[in-house]
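Engineer: Pasting input-v4.cif here (mmCIF, C-alpha atoms):
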data_entry
#
loop_
_atom_site.group_PDB
_atom_site.id
_atom_site.type_symbol
_atom_site.label_atom_id
_atom_site.label_comp_id
_atom_site.auth_asym_id
_atom_site.auth_seq_id
_atom_site.Cartn_x
_atom_site.Cartn_y
_atom_site.Cartn_z
ATOM 1 C CA MET Q 1 18.394 -17.697 24.641
ATOM 2 C CA ALA Q 2 18.149 -16.544 21.016
ATOM 3 C CA ALA Q 3 19.792 -13.136 20.612
ATOM 4 C CA ASP Q 4 18.651 -10.428 18.196
ATOM 5 C CA ALA Q 5 20.644 -11.388 15.076
ATOM 6 C CA VAL Q 6 20.221 -7.999 13.389
ATOM 7 C CA ALA Q 7 21.406 -6.123 16.493
ATOM 8 C CA THR Q 8 24.304 -8.549 16.887
ATOM 9 C CA ALA Q 9 25.501 -7.811 13.349
ATOM 10 C CA GLU Q 10 25.320 -4.039 13.918
ATOM 11 C CA ILE Q 11 27.144 -4.335 17.253
ATOM 12 C CA ARG Q 12 29.902 -6.375 15.597
ATOM 13 C CA GLY Q 13 30.431 -3.637 13.034
ATOM 14 C CA ALA Q 14 30.408 -0.854 15.637
ATOM 15 C CA LEU Q 15 33.144 -2.059 17.996
ATOM 16 C CA ALA Q 16 36.172 -0.901 15.996
ATOM 17 C CA GLY Q 17 34.589 2.529 15.582
ATOM 18 C CA LEU Q 18 33.835 2.707 19.288
ATOM 19 C CA ARG Q 19 37.482 2.026 20.114
ATOM 20 C CA ARG Q 20 38.625 4.754 17.725
ATOM 21 C CA ALA Q 21 36.088 7.287 18.990
ATOM 22 C CA THR Q 22 36.734 6.663 22.685
ATOM 23 C CA GLY Q 23 40.433 5.826 22.714
ATOM 24 C CA LEU Q 24 39.607 2.769 24.809
ATOM 25 C CA PRO Q 25 41.612 -0.367 23.972
ATOM 26 C CA VAL Q 26 38.815 -2.842 24.678
ATOM 27 C CA ALA Q 27 35.248 -2.899 23.385
ATOM 28 C CA PHE Q 28 32.586 -5.573 23.501
ATOM 29 C CA GLY Q 29 28.842 -5.924 23.367
ATOM 30 C CA GLY Q 30 25.830 -8.087 22.873
ATOM 31 C CA ALA Q 31 22.202 -8.161 21.912
ATOM 32 C CA VAL Q 32 19.175 -8.896 24.038
ATOM 33 C CA GLY Q 33 17.194 -12.086 23.938
ATOM 34 C CA PRO Q 34 13.400 -12.430 23.982
ATOM 35 C CA GLY Q 35 11.773 -10.070 26.448
ATOM 36 C CA ALA Q 36 14.876 -7.860 26.760
ATOM 37 C CA ALA Q 37 15.617 -9.326 30.198
ATOM 38 C CA GLN Q 38 19.077 -10.638 29.303
ATOM 39 C CA ILE Q 39 22.025 -9.635 27.150
ATOM 40 C CA ARG Q 40 24.451 -12.187 25.764
ATOM 41 C CA ILE Q 41 27.959 -10.812 25.220
ATOM 42 C CA SER Q 42 28.953 -12.174 21.826
ATOM 43 C CA GLU Q 43 31.151 -9.548 20.134
ATOM 44 C CA LEU Q 44 34.673 -8.752 21.379
ATOM 45 C CA SER Q 45 37.335 -6.335 20.130
ATOM 46 C CA GLY Q 46 40.740 -5.826 21.739
ATOM 47 C CA THR Q 47 40.244 -8.532 24.364
ATOM 48 C CA ALA Q 48 43.067 -10.830 25.411
ATOM 49 C CA THR Q 49 40.936 -13.749 26.586
ATOM 50 C CA ALA Q 50 37.553 -15.334 25.871
ATOM 51 C CA ALA Q 51 36.394 -14.773 29.463
ATOM 52 C CA LEU Q 52 33.576 -12.416 28.438
ATOM 53 C CA ARG Q 53 32.337 -14.363 25.424
ATOM 54 C CA SER Q 54 28.806 -15.771 25.853
ATOM 55 C CA LEU Q 55 28.461 -14.107 29.250
ATOM 56 C CA VAL Q 56 24.739 -13.597 29.946
ATOM 57 C CA VAL Q 57 23.946 -10.334 31.762
ATOM 58 C CA THR Q 58 20.556 -9.892 33.399
ATOM 59 C CA SER Q 59 18.858 -6.497 33.404
ATOM 60 C CA GLY Q 60 19.665 -4.630 36.610
ATOM 61 C CA THR Q 61 22.828 -6.599 37.406
ATOM 62 C CA GLY Q 62 26.419 -5.569 36.820
ATOM 63 C CA LEU Q 63 27.263 -2.442 34.852
ATOM 64 C CA GLY Q 64 25.564 -3.404 31.589
ATOM 65 C CA GLY Q 65 22.436 -4.583 33.372
ATOM 66 C CA ARG Q 66 22.328 -1.292 35.281
ATOM 67 C CA ALA Q 67 22.626 0.655 32.019
ATOM 68 C CA VAL Q 68 19.741 -1.362 30.564
ATOM 69 C CA ALA Q 69 17.566 -0.873 33.639
ATOM 70 C CA LEU Q 70 18.209 2.882 33.731
ATOM 71 C CA GLY Q 71 18.106 3.347 29.957
ATOM 72 C CA ARG Q 72 21.284 5.453 29.909
ATOM 73 C CA ALA Q 73 25.070 5.239 29.777
ATOM 74 C CA CYS Q 74 26.814 4.162 32.983
ATOM 75 C CA ALA Q 75 30.512 4.065 33.907
ATOM 76 C CA VAL Q 76 32.663 3.017 36.859
ATOM 77 C CA PRO Q 77 36.322 3.996 37.429
ATOM 78 C CA ASP Q 78 37.148 0.650 39.065
ATOM 79 C CA TYR Q 79 34.744 -2.189 38.338
ATOM 80 C CA SER Q 80 35.786 -4.571 41.108
ATOM 81 C CA SER Q 81 35.475 -2.039 43.926
ATOM 82 C CA SER Q 82 32.491 -0.006 42.710
ATOM 83 C CA ARG Q 83 29.563 0.241 45.124
ATOM 84 C CA ARG Q 84 27.213 1.449 42.377
ATOM 85 C CA ILE Q 85 26.805 -1.951 40.739
ATOM 86 C CA SER Q 86 26.223 -5.546 41.761
ATOM 87 C CA HIS Q 87 29.140 -7.940 41.341
ATOM 88 C CA GLU Q 88 27.819 -11.136 39.748
ATOM 89 C CA TYR Q 89 30.304 -10.804 36.872
ATOM 90 C CA ASP Q 90 33.493 -9.863 38.719
ATOM 91 C CA ALA Q 91 35.276 -13.117 37.815
ATOM 92 C CA PRO Q 92 35.137 -12.797 33.984
ATOM 93 C CA VAL Q 93 35.819 -9.046 34.156
ATOM 94 C CA ALA Q 94 38.871 -9.671 36.347
ATOM 95 C CA ALA Q 95 40.008 -12.546 34.098
ATOM 96 C CA GLU Q 96 40.105 -10.092 31.189
ATOM 97 C CA GLY Q 97 41.957 -7.598 33.387
ATOM 98 C CA LEU Q 98 39.413 -4.790 33.035
ATOM 99 C CA ARG Q 99 39.163 -2.007 35.602
ATOM 100 C CA SER Q 100 37.513 1.149 34.249
ATOM 101 C CA VAL Q 101 34.392 0.241 32.260
ATOM 102 C CA LEU Q 102 31.481 2.021 30.574
ATOM 103 C CA ALA Q 103 28.255 0.608 29.144
ATOM 104 C CA VAL Q 104 25.708 2.201 26.813
ATOM 105 C CA PRO Q 105 22.304 0.617 26.090
ATOM 106 C CA LEU Q 106 21.003 0.486 22.517
ATOM 107 C CA VAL Q 107 17.412 1.693 22.584
ATOM 108 C CA VAL Q 108 15.219 1.734 19.463
ATOM 109 C CA ARG Q 109 11.610 2.917 19.772
ATOM 110 C CA HIS Q 110 11.719 2.519 23.561
ATOM 111 C CA ARG Q 111 12.970 -1.066 23.298
ATOM 112 C CA VAL Q 112 16.447 -2.115 24.435
ATOM 113 C CA ARG Q 113 18.186 -4.050 21.649
ATOM 114 C CA GLY Q 114 21.651 -4.499 23.136
ATOM 115 C CA VAL Q 115 24.591 -2.963 25.008
ATOM 116 C CA LEU Q 116 27.972 -1.556 23.941
ATOM 117 C CA TYR Q 117 30.874 -1.614 26.400
ATOM 118 C CA GLY Q 118 34.268 0.071 26.430
ATOM 119 C CA ALA Q 119 37.031 -0.523 28.959
ATOM 120 C CA LEU Q 120 40.527 0.244 30.228
ATOM 121 C CA ARG Q 121 42.882 -2.089 32.050
ATOM 122 C CA THR Q 122 43.705 0.643 34.557
ATOM 123 C CA ALA Q 123 41.480 2.146 37.268
ATOM 124 C CA GLN Q 124 40.726 5.776 36.437
ATOM 125 C CA PRO Q 125 37.717 7.999 35.724
ATOM 126 C CA LEU Q 126 36.616 7.974 32.103
ATOM 127 C CA GLY Q 127 36.567 11.423 30.522
ATOM 128 C CA ASP Q 128 34.201 13.178 28.161
ATOM 129 C CA ARG Q 129 35.925 11.779 25.078
ATOM 130 C CA ALA Q 130 35.294 8.195 26.130
ATOM 131 C CA LEU Q 131 31.712 8.720 27.280
ATOM 132 C CA GLY Q 132 30.779 10.970 24.375
ATOM 133 C CA GLY Q 133 32.375 8.650 21.817
ATOM 134 C CA ALA Q 134 30.611 5.601 23.229
ATOM 135 C CA VAL Q 135 27.233 7.333 23.209
ATOM 136 C CA ALA Q 136 27.800 8.526 19.638
ATOM 137 C CA ALA Q 137 28.690 4.989 18.551
ATOM 138 C CA ALA Q 138 25.529 3.696 20.215
ATOM 139 C CA ARG Q 139 23.388 6.314 18.455
ATOM 140 C CA GLU Q 140 24.811 5.185 15.085
ATOM 141 C CA VAL Q 141 23.837 1.593 15.840
ATOM 142 C CA GLU Q 142 20.371 2.707 16.946
ATOM 143 C CA ARG Q 143 19.858 4.654 13.715
ATOM 144 C CA ALA Q 144 20.954 1.666 11.637
ATOM 145 C CA LEU Q 145 18.587 -0.629 13.528
ATOM 146 C CA ALA Q 146 15.704 1.815 13.113
ATOM 147 C CA VAL Q 147 16.265 1.962 9.354
ATOM 148 C CA ARG Q 148 16.443 -1.825 9.109
ATOM 149 C CA ASP Q 149 13.269 -2.178 11.185
ATOM 150 C CA GLU Q 150 11.474 0.281 8.920
ATOM 151 C CA ALA Q 151 12.662 -1.566 5.831
ATOM 152 C CA ARG Q 152 11.580 -4.943 7.190
ATOM 153 C CA GLY Q 153 8.218 -3.506 8.163
ATOM 154 C CA LEU Q 154 7.623 -2.134 4.679
ATOM 155 C CA LEU Q 155 8.598 -5.423 3.087
ATOM 156 C CA ALA Q 156 6.336 -7.362 5.430
ATOM 157 C CA ALA Q 157 3.427 -5.052 4.651
ATOM 158 C CA LEU Q 158 3.905 -5.568 0.928
ATOM 159 C CA ARG Q 159 4.171 -9.364 0.988
ATOM 160 C CA PRO Q 160 0.663 -10.494 2.061
ATOM 161 C CA ALA Q 161 -1.028 -9.629 -1.215
ATOM 162 C CA VAL Q 162 -0.346 -7.943 -4.521
ATOM 163 C CA PRO Q 163 -3.117 -5.421 -5.181
ATOM 164 C CA GLU Q 164 -5.225 -5.779 -8.299
ATOM 165 C CA PRO Q 165 -4.741 -3.123 -10.990
ATOM 166 C CA GLY Q 166 -6.267 0.128 -9.807
ATOM 167 C CA ALA Q 167 -6.910 -1.135 -6.260
ATOM 168 C CA GLY Q 168 -5.137 0.842 -3.564
ATOM 169 C CA GLN Q 169 -2.851 2.347 -6.203
ATOM 170 C CA GLU Q 170 -2.049 5.424 -4.147
ATOM 171 C CA HIS Q 171 -0.962 3.224 -1.244
ATOM 172 C CA VAL Q 172 1.273 1.245 -3.615
ATOM 173 C CA ARG Q 173 2.868 4.443 -4.915
ATOM 174 C CA GLU Q 174 3.571 5.709 -1.416
ATOM 175 C CA ALA Q 175 5.088 2.360 -0.436
ATOM 176 C CA HIS Q 176 7.218 2.384 -3.578
ATOM 177 C CA ALA Q 177 8.498 5.870 -2.766
ATOM 178 C CA ALA Q 178 9.248 4.926 0.847
ATOM 179 C CA LEU Q 179 11.165 1.814 -0.194
ATOM 180 C CA ARG Q 180 13.280 3.708 -2.716
ATOM 181 C CA ALA Q 181 14.046 6.398 -0.133
ATOM 182 C CA LEU Q 182 15.155 3.788 2.387
ATOM 183 C CA ALA Q 183 17.339 1.741 0.050
ATOM 184 C CA PRO Q 184 20.375 4.099 -0.067
ATOM 185 C CA ARG Q 185 20.433 4.200 3.742
ATOM 186 C CA ILE Q 186 20.758 0.413 4.081
ATOM 187 C CA ALA Q 187 24.353 -0.710 4.620
ATOM 188 C CA ASP Q 188 23.518 -4.401 4.323
ATOM 189 C CA PRO Q 189 23.803 -5.181 0.561
ATOM 190 C CA GLU Q 190 21.451 -8.161 0.774
ATOM 191 C CA LEU Q 191 18.704 -6.179 2.476
ATOM 192 C CA ARG Q 192 19.227 -3.274 0.074
ATOM 193 C CA ALA Q 193 18.885 -5.624 -2.908
ATOM 194 C CA GLU Q 194 15.752 -7.117 -1.345
ATOM 195 C CA LEU Q 195 14.234 -3.650 -1.005
ATOM 196 C CA LEU Q 196 15.002 -2.710 -4.603
ATOM 197 C CA ALA Q 197 13.614 -6.043 -5.806
ATOM 198 C CA ALA Q 198 10.403 -5.265 -3.907
ATOM 199 C CA CYS Q 199 10.291 -1.902 -5.687
ATOM 200 C CA ASP Q 200 10.504 -3.689 -9.022
ATOM 201 C CA LEU Q 201 7.556 -5.911 -8.073
ATOM 202 C CA LEU Q 202 5.403 -2.800 -7.709
ATOM 203 C CA THR Q 203 6.023 -1.648 -11.277
ATOM 204 C CA ALA Q 204 5.094 -3.137 -14.632
ATOM 205 C CA PRO Q 205 7.826 -4.665 -16.832
ATOM 206 C CA ALA Q 206 9.515 -1.869 -18.772
ATOM 207 C CA PRO Q 207 8.996 -2.048 -22.563
ATOM 208 C CA ARG Q 208 12.049 -2.331 -24.791
ATOM 209 C CA GLY Q 209 13.572 1.057 -25.484
ATOM 210 C CA THR Q 210 12.489 2.589 -22.172
ATOM 211 C CA PRO Q 211 14.846 5.454 -21.220
ATOM 212 C CA ALA Q 212 17.265 4.441 -18.487
ATOM 213 C CA LEU Q 213 16.826 6.717 -15.499
ATOM 214 C CA ALA Q 214 19.667 7.043 -12.987
ATOM 215 C CA PRO Q 215 18.769 5.765 -9.489
ATOM 216 C CA ARG Q 216 18.526 9.277 -7.994
ATOM 217 C CA GLU Q 217 16.450 10.513 -10.956
ATOM 218 C CA LEU Q 218 14.032 7.674 -10.295
ATOM 219 C CA ASP Q 219 14.050 8.380 -6.549
ATOM 220 C CA VAL Q 220 13.093 12.014 -7.167
ATOM 221 C CA LEU Q 221 10.444 11.146 -9.757
ATOM 222 C CA THR Q 222 8.987 8.534 -7.408
ATOM 223 C CA TRP Q 223 8.320 11.174 -4.734
ATOM 224 C CA VAL Q 224 7.120 13.723 -7.286
ATOM 225 C CA ALA Q 225 4.540 11.125 -8.346
ATOM 226 C CA THR Q 226 3.093 11.166 -4.817
ATOM 227 C CA GLY Q 227 2.508 14.924 -5.096
ATOM 228 C CA ALA Q 228 5.525 15.988 -3.043
ATOM 229 C CA THR Q 229 7.062 19.408 -3.674
ATOM 230 C CA ASN Q 230 10.755 19.766 -4.492
ATOM 231 C CA ALA Q 231 11.404 20.924 -0.942
ATOM 232 C CA ALA Q 232 9.608 17.882 0.501
ATOM 233 C CA VAL Q 233 11.498 15.560 -1.844
ATOM 234 C CA ALA Q 234 14.784 17.154 -0.799
ATOM 235 C CA ASP Q 235 13.946 16.664 2.871
ATOM 236 C CA ARG Q 236 12.899 13.035 2.351
ATOM 237 C CA LEU Q 237 16.003 12.111 0.348
ATOM 238 C CA GLY Q 238 18.518 14.218 2.259
ATOM 239 C CA LEU Q 239 19.303 16.379 -0.779
ATOM 240 C CA ARG Q 240 19.330 20.112 -1.511
ATOM 241 C CA PRO Q 241 16.290 21.492 -3.387
ATOM 242 C CA GLU Q 242 18.563 22.621 -6.242
ATOM 243 C CA THR Q 243 19.875 19.075 -6.557
ATOM 244 C CA VAL Q 244 16.333 17.720 -6.690
ATOM 245 C CA LYS Q 245 15.534 20.179 -9.499
ATOM 246 C CA GLY Q 246 18.590 18.982 -11.424
ATOM 247 C CA TYR Q 247 17.586 15.310 -11.138
ATOM 248 C CA LEU Q 248 14.005 16.142 -12.111
ATOM 249 C CA ARG Q 249 15.108 18.111 -15.178
ATOM 250 C CA ALA Q 250 17.341 15.230 -16.272
ATOM 251 C CA ALA Q 251 14.491 12.733 -15.867
ATOM 252 C CA MET Q 252 12.106 14.975 -17.813
ATOM 253 C CA ARG Q 253 14.615 15.321 -20.636
ATOM 254 C CA LYS Q 254 15.094 11.553 -20.900
ATOM 255 C CA LEU Q 255 11.326 10.967 -20.877
ATOM 256 C CA GLY Q 256 10.596 13.703 -23.406
ATOM 257 C CA ALA Q 257 8.400 15.531 -20.883
ATOM 258 C CA HIS Q 258 7.930 19.264 -20.431
ATOM 259 C CA THR Q 259 6.182 19.266 -17.051
ATOM 260 C CA ARG Q 260 6.340 17.284 -13.829
ATOM 261 C CA GLY Q 261 2.963 15.724 -14.569
ATOM 262 C CA GLU Q 262 4.040 14.670 -18.049
ATOM 263 C CA ALA Q 263 7.192 13.128 -16.628
ATOM 264 C CA VAL Q 264 5.223 11.072 -14.097
ATOM 265 C CA THR Q 265 2.749 9.925 -16.770
ATOM 266 C CA ALA Q 266 5.566 8.965 -19.130
ATOM 267 C CA ALA Q 267 7.383 7.081 -16.362
ATOM 268 C CA ARG Q 268 4.247 5.117 -15.486
ATOM 269 C CA ARG Q 269 3.624 4.352 -19.152
ATOM 270 C CA ALA Q 270 7.218 3.103 -19.387
ATOM 271 C CA GLY Q 271 6.723 0.870 -16.341
ATOM 272 C CA VAL Q 272 9.347 2.507 -14.131
ATOM 273 C CA LEU Q 273 6.742 3.899 -11.696
ATOM 274 C CA PRO Q 274 3.677 2.085 -10.285
#
Any chance you could give the structure as structure tokens?

Structural biologist:
Amino acid sequence: MAADAVATAEIRGALAGLRRATGLPVAFGGAVGPGAAQIRISELSGTATAALRSLVVTSGTGLGGRAVALGRACAVPDYSSSRRISHEYDAPVAAEGLRSVLAVPLVVRHRVRGVLYGALRTAQPLGDRALGGAVAAAREVERALAVRDEARGLLAALRPAVPEPGAGQEHVREAHAALRALAPRIADPELRAELLAACDLLTAPAPRGTPALAPRELDVLTWVATGATNAAVADRLGLRPETVKGYLRAAMRKLGAHTRGEAVTAARRAGVLP
């Protein structure tokens, strides 16, 4: 089965943080394959053996499969003796020496993308710190996946055709603003560079001598160009309204503009806005 490569990468990066947040010495996880019926455990942290690597868990079976089927975090104080789960995977769990285990599904837009696990080598109930930390780690992965999905969707929508001058210009401007707003939230440097390159494709080549706007100045001006108020820009970019005003004033000064409208016109003339 081909696992979700994007989810796998995010799960890999989340395991160390999950261990820190929960205090659990062992963490592992995996992404779903096509149809979300199976999870392949591919990422391990703190394990002593390779017993869990490449283990395929079917939805509804074992602890992780139960978490997927229910769509919520599940935990057992002693895996091997629990009556709340099925026991298809007892052998690899026992080979790793795990007793108390929790599992949290990764759900993005109602679709399961993977599972995070945390475990102890002793049999005992897992407290609020462990459960809360695991859920928080899962939410971080879900947010990262949602942002990446949104970025990929925007890029895919832009690729089919480049609009002719004047055709669908408002749509192009909105897409440009959305891409620039997403870029700072992308941890993956390659994807972030791809997004910014797509932004550049939506603007004309800048003439020599064009004022150099700082990235945040351009971000603010991009949203101003769509008609957004300072408050709306602040909300979209995760900034304070006063900060937005500061970036806008700086951009206006560099462009020799006295009003927001003049700044947008000058930026379009300079080729830094579509």

Engineer: When distances are computed from all atoms listed in the file, which of Q:Thr259, Q:Pro189, Q:Arg53, Q:Leu273 shows the smallest separation from Q:Ala177?

Structural biologist: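 Closest candidate: Q:Leu273.
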
Engineer: Could you list, as a ChimeraX atom specification, every residue matched by the PyMOL selection byres ((chain Q and resi 221-230) around 9) in this structure?

Structural biologist: /Q:170,173-174,176-178,180-181,216-220,231-236,241-242,244-245,247-248,251,260-261,263-265,267,273-274

Engineer: Nearest residue to Q:Leu106 out of Q:Ala266, Q:Leu131, Q:Ile85, Q:Val32, using all atoms listed in the file?

Structural biologist: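 Residue with the minimum atom-to-atom distance to Q:Leu106: Q:Val32.
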
Engineer: Might you pull out every residue within 6 Å of stretch 74-83 of chain Q, with all atoms listed in the file counted and same-chain residues fewer than 5 positions away left off, and present them as a PyMOL selection string?

Structural biologist: chain Q and resi 67+99-103+123-125

Engineer: For the atom pair atom CA of Q:Arg269 and atom CA of Q:Pro184, what is the interatomic distance in Å to one decimal place?

Structural biologist: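 Between atom CA of Q:Arg269 and atom CA of Q:Pro184 the gap is 25.4 Å.
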
Engineer: Report, in Å with one decimal, the straight-line distance from atom CA of Q:Thr61 to atom CA of Q:Glu140.

Structural biologist: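 These atoms are spaced 25.3 Å apart.
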